[in-house]
Amino acid sequence: YDSLMDRDVAIKVIQDVALDVPEIKSRFYREARTAGKLSHDNITIVHDVGEEDGRPYIVMEYLTGSDLRSIMDRNEPISLIQKIEIAIQVCTGLSFSHSRDIIHRDIKPANIRVLDGRRVKIMDFGIAKLSTGTHISRAGSVVGTLPYMSPEQIKGLELDRRSDLWSLAVVF
């Protein structure tokens with residue numbers, strides 16, 4: 001709870017075992033910087049980023065509801081209209097992100113949050129990149145979640161916004 005702003009927040013931190021891994025720390029800060037540039041109804045809002053006693057943190061809006069992966073795992077019924085509403089909202093958020101030249105690169109059910117009231121938020125911009133000249137994080141290292149990755153992403157080729165759209169199509 002942020003008493004100064006009178007709002008609930010979520011605080012994301014790196015686990016102790018990962019604090020000494022430079023790639024994880026840089027990815028964490030990249031998520032904060034990238035998501036912090038995106039202010040949109042369908043993208044999780046980042047309020048602050050910092051470090052306390054050597055532990056980086058991101059302060060984000062607190063989201064209610066469930067991620068799409070959890071909903072699917074519980075076999076909750078989702079009507080065709082609800083599925084279309086979710087897809088439209090994810091497309092709207094991605095359109096905004098893409099208009100800022102930011103590719104998410106990890107669109108999957110676990111990164112789509114369905115809030116109470118059926119509004120949708122895209123989460124976790126941890127492996128997002130600017131769309132200019134982006135293809136791999138380091139030599140031979142392709143990032144993403146394999147079942148949702150576009151063929152170009154799997155091959156480590158340069159990506160553009162179509163890669164996110166491929167992933168979204170696989171989700172739905």
# chains A, B, ... in the order shown; residues from 1 in each chain; ligands from 1
>>> closest_atom_pairs(of="stretch 21-75 of chain A", to="stretch 89-93 of chain A", cutoff="10 Å", atoms="only C-alpha atoms", output="JSON lines")
{"residue": "A:Leu38", "atom": "CA", "partner": "A:Gly93", "partner_atom": "CA", "distance": 9.3}
{"residue": "A:Ser39", "atom": "CA", "partner": "A:Gly93", "partner_atom": "CA", "distance": 9.7}
{"residue": "A:His40", "atom": "CA", "partner": "A:Gly93", "partner_atom": "CA", "distance": 6.8}
{"residue": "A:Asp41", "atom": "CA", "partner": "A:Gly93", "partner_atom": "CA", "distance": 7.4}
{"residue": "A:Asn42", "atom": "CA", "partner": "A:Gly93", "partner_atom": "CA", "distance": 4.9}
{"residue": "A:Ile43", "atom": "CA", "partner": "A:Gly93", "partner_atom": "CA", "distance": 6.0}
{"residue": "A:Thr44", "atom": "CA", "partner": "A:Gly93", "partner_atom": "CA", "distance": 9.7}
>>> residues_around(residues="stretch 48-50 of chain A", least_positions_apart="6", cutoff="12 Å", atoms="only C-alpha atoms", output="list of chain:residue names")
A:Asp2, A:Val9, A:Ala10, A:Ile11, A:Lys12, A:Val13, A:Ile14, A:Lys25, A:Phe28, A:Tyr29, A:Arg30, A:Glu31, A:Ala32, A:Arg33, A:Thr34, A:Ala35, A:Gly36, A:Lys37, A:Pro56, A:Tyr57, A:Ile58, A:Val59, A:Met60, A:Glu61
>>> residues_around(residues="A:Leu68", least_positions_apart="6", cutoff="8 Å", atoms="only C-alpha atoms", output="PyMOL selection string")
chain A and resi 109-114
>>> write_last_selection(atoms="all heavy atoms", output="PDB file, in the first residue's frame")
ATOM      1  N   PRO A 109      -0.369 -16.651 -22.292  1.00  0.00           N
ATOM      2  CA  PRO A 109      -1.478 -16.515 -21.341  1.00  0.00           C
ATOM      3  C   PRO A 109      -1.067 -15.994 -19.968  1.00  0.00           C
ATOM      4  O   PRO A 109      -1.794 -15.209 -19.363  1.00  0.00           O
ATOM      5  CB  PRO A 109      -2.040 -17.944 -21.256  1.00  0.00           C
ATOM      6  CG  PRO A 109      -1.711 -18.544 -22.585  1.00  0.00           C
ATOM      7  CD  PRO A 109      -0.363 -17.970 -22.947  1.00  0.00           C
ATOM      8  N   ALA A 110       0.112 -16.377 -19.475  1.00  0.00           N
ATOM      9  CA  ALA A 110       0.552 -15.925 -18.152  1.00  0.00           C
ATOM     10  C   ALA A 110       0.847 -14.430 -18.107  1.00  0.00           C
ATOM     11  O   ALA A 110       0.889 -13.841 -17.028  1.00  0.00           O
ATOM     12  CB  ALA A 110       1.786 -16.713 -17.716  1.00  0.00           C
ATOM     13  N   ASN A 111       1.028 -13.795 -19.270  1.00  0.00           N
ATOM     14  CA  ASN A 111       1.313 -12.357 -19.319  1.00  0.00           C
ATOM     15  C   ASN A 111       0.113 -11.527 -19.746  1.00  0.00           C
ATOM     16  O   ASN A 111       0.257 -10.356 -20.075  1.00  0.00           O
ATOM     17  CB  ASN A 111       2.509 -12.088 -20.243  1.00  0.00           C
ATOM     18  CG  ASN A 111       3.811 -12.513 -19.627  1.00  0.00           C
ATOM     19  OD1 ASN A 111       3.931 -12.620 -18.418  1.00  0.00           O
ATOM     20  ND2 ASN A 111       4.798 -12.778 -20.455  1.00  0.00           N
ATOM     21  N   ILE A 112      -1.060 -12.143 -19.723  1.00  0.00           N
ATOM     22  CA  ILE A 112      -2.315 -11.435 -20.018  1.00  0.00           C
ATOM     23  C   ILE A 112      -3.193 -11.539 -18.783  1.00  0.00           C
ATOM     24  O   ILE A 112      -3.596 -12.637 -18.382  1.00  0.00           O
ATOM     25  CB  ILE A 112      -3.022 -12.046 -21.247  1.00  0.00           C
ATOM     26  CG1 ILE A 112      -2.124 -11.927 -22.480  1.00  0.00           C
ATOM     27  CG2 ILE A 112      -4.383 -11.384 -21.468  1.00  0.00           C
ATOM     28  CD1 ILE A 112      -2.630 -12.713 -23.687  1.00  0.00           C
ATOM     29  N   ARG A 113      -3.443 -10.414 -18.147  1.00  0.00           N
ATOM     30  CA  ARG A 113      -4.220 -10.390 -16.908  1.00  0.00           C
ATOM     31  C   ARG A 113      -5.631  -9.929 -17.199  1.00  0.00           C
ATOM     32  O   ARG A 113      -5.850  -8.864 -17.790  1.00  0.00           O
ATOM     33  CB  ARG A 113      -3.562  -9.423 -15.917  1.00  0.00           C
ATOM     34  CG  ARG A 113      -4.166  -9.436 -14.557  1.00  0.00           C
ATOM     35  CD  ARG A 113      -3.549 -10.520 -13.756  1.00  0.00           C
ATOM     36  NE  ARG A 113      -3.957 -10.488 -12.367  1.00  0.00           N
ATOM     37  CZ  ARG A 113      -3.452 -11.296 -11.485  1.00  0.00           C
ATOM     38  NH1 ARG A 113      -2.519 -12.156 -11.818  1.00  0.00           N
ATOM     39  NH2 ARG A 113      -3.871 -11.250 -10.244  1.00  0.00           N
ATOM     40  N   VAL A 114      -6.620 -10.740 -16.785  1.00  0.00           N
ATOM     41  CA  VAL A 114      -8.029 -10.383 -16.915  1.00  0.00           C
ATOM     42  C   VAL A 114      -8.474  -9.883 -15.542  1.00  0.00           C
ATOM     43  O   VAL A 114      -8.559 -10.644 -14.580  1.00  0.00           O
ATOM     44  CB  VAL A 114      -8.883 -11.589 -17.373  1.00  0.00           C
ATOM     45  CG1 VAL A 114     -10.345 -11.174 -17.518  1.00  0.00           C
ATOM     46  CG2 VAL A 114      -8.344 -12.171 -18.676  1.00  0.00           C
TER      47      VAL A 114
END
>>> atom_distance(atom1="atom CA of A:Met72", atom2="atom CA of A:Phe172")
11.3 Å
>>> select_by_dssp(residues="stretch 40-92 of chain A", states="strand (DSSP E or B)", output="MDAnalysis selection string")
chainID A and resid 43 46:52 55:61 66:67
>>> closest_residue(among="A:Ser26, A:Ser163, A:Leu63, A:Glu51", to="A:Asp8", atoms="only C-alpha atoms")
A:Leu63
>>> atom_distance(atom1="atom CA of A:Ser97", atom2="atom CA of A:Gln15")
27.8 Å
>>> residues_around(residues="A:Gly144", least_positions_apart="6", cutoff="9 Å", atoms="only C-alpha atoms", output="PyMOL selection string")
chain A and resi 105-107+127+153-154
>>> atom_distance(atom1="atom CA of A:Arg118", atom2="atom CA of A:Met149")
26.0 Å
>>> select_by_dssp(residues="stretch 66-169 of chain A", states="alpha helix (DSSP H)", output="ChimeraX atom specification")
/A:68-73,80-99,151-154,161-169
>>> closest_residue(among="A:Ser79, A:Ser167, A:Val143, A:Ser66", to="A:Gly117", atoms="only C-alpha atoms")
A:Ser66
>>> closest_residue(among="A:Ile102, A:Leu115, A:Val120, A:Ile84", to="A:Thr64", atoms="only C-alpha atoms")
A:Leu115
>>> closest_residue(among="A:Asn75, A:Ala18, A:Arg7, A:Gly65", to="A:His47", atoms="only C-alpha atoms")
A:Arg7
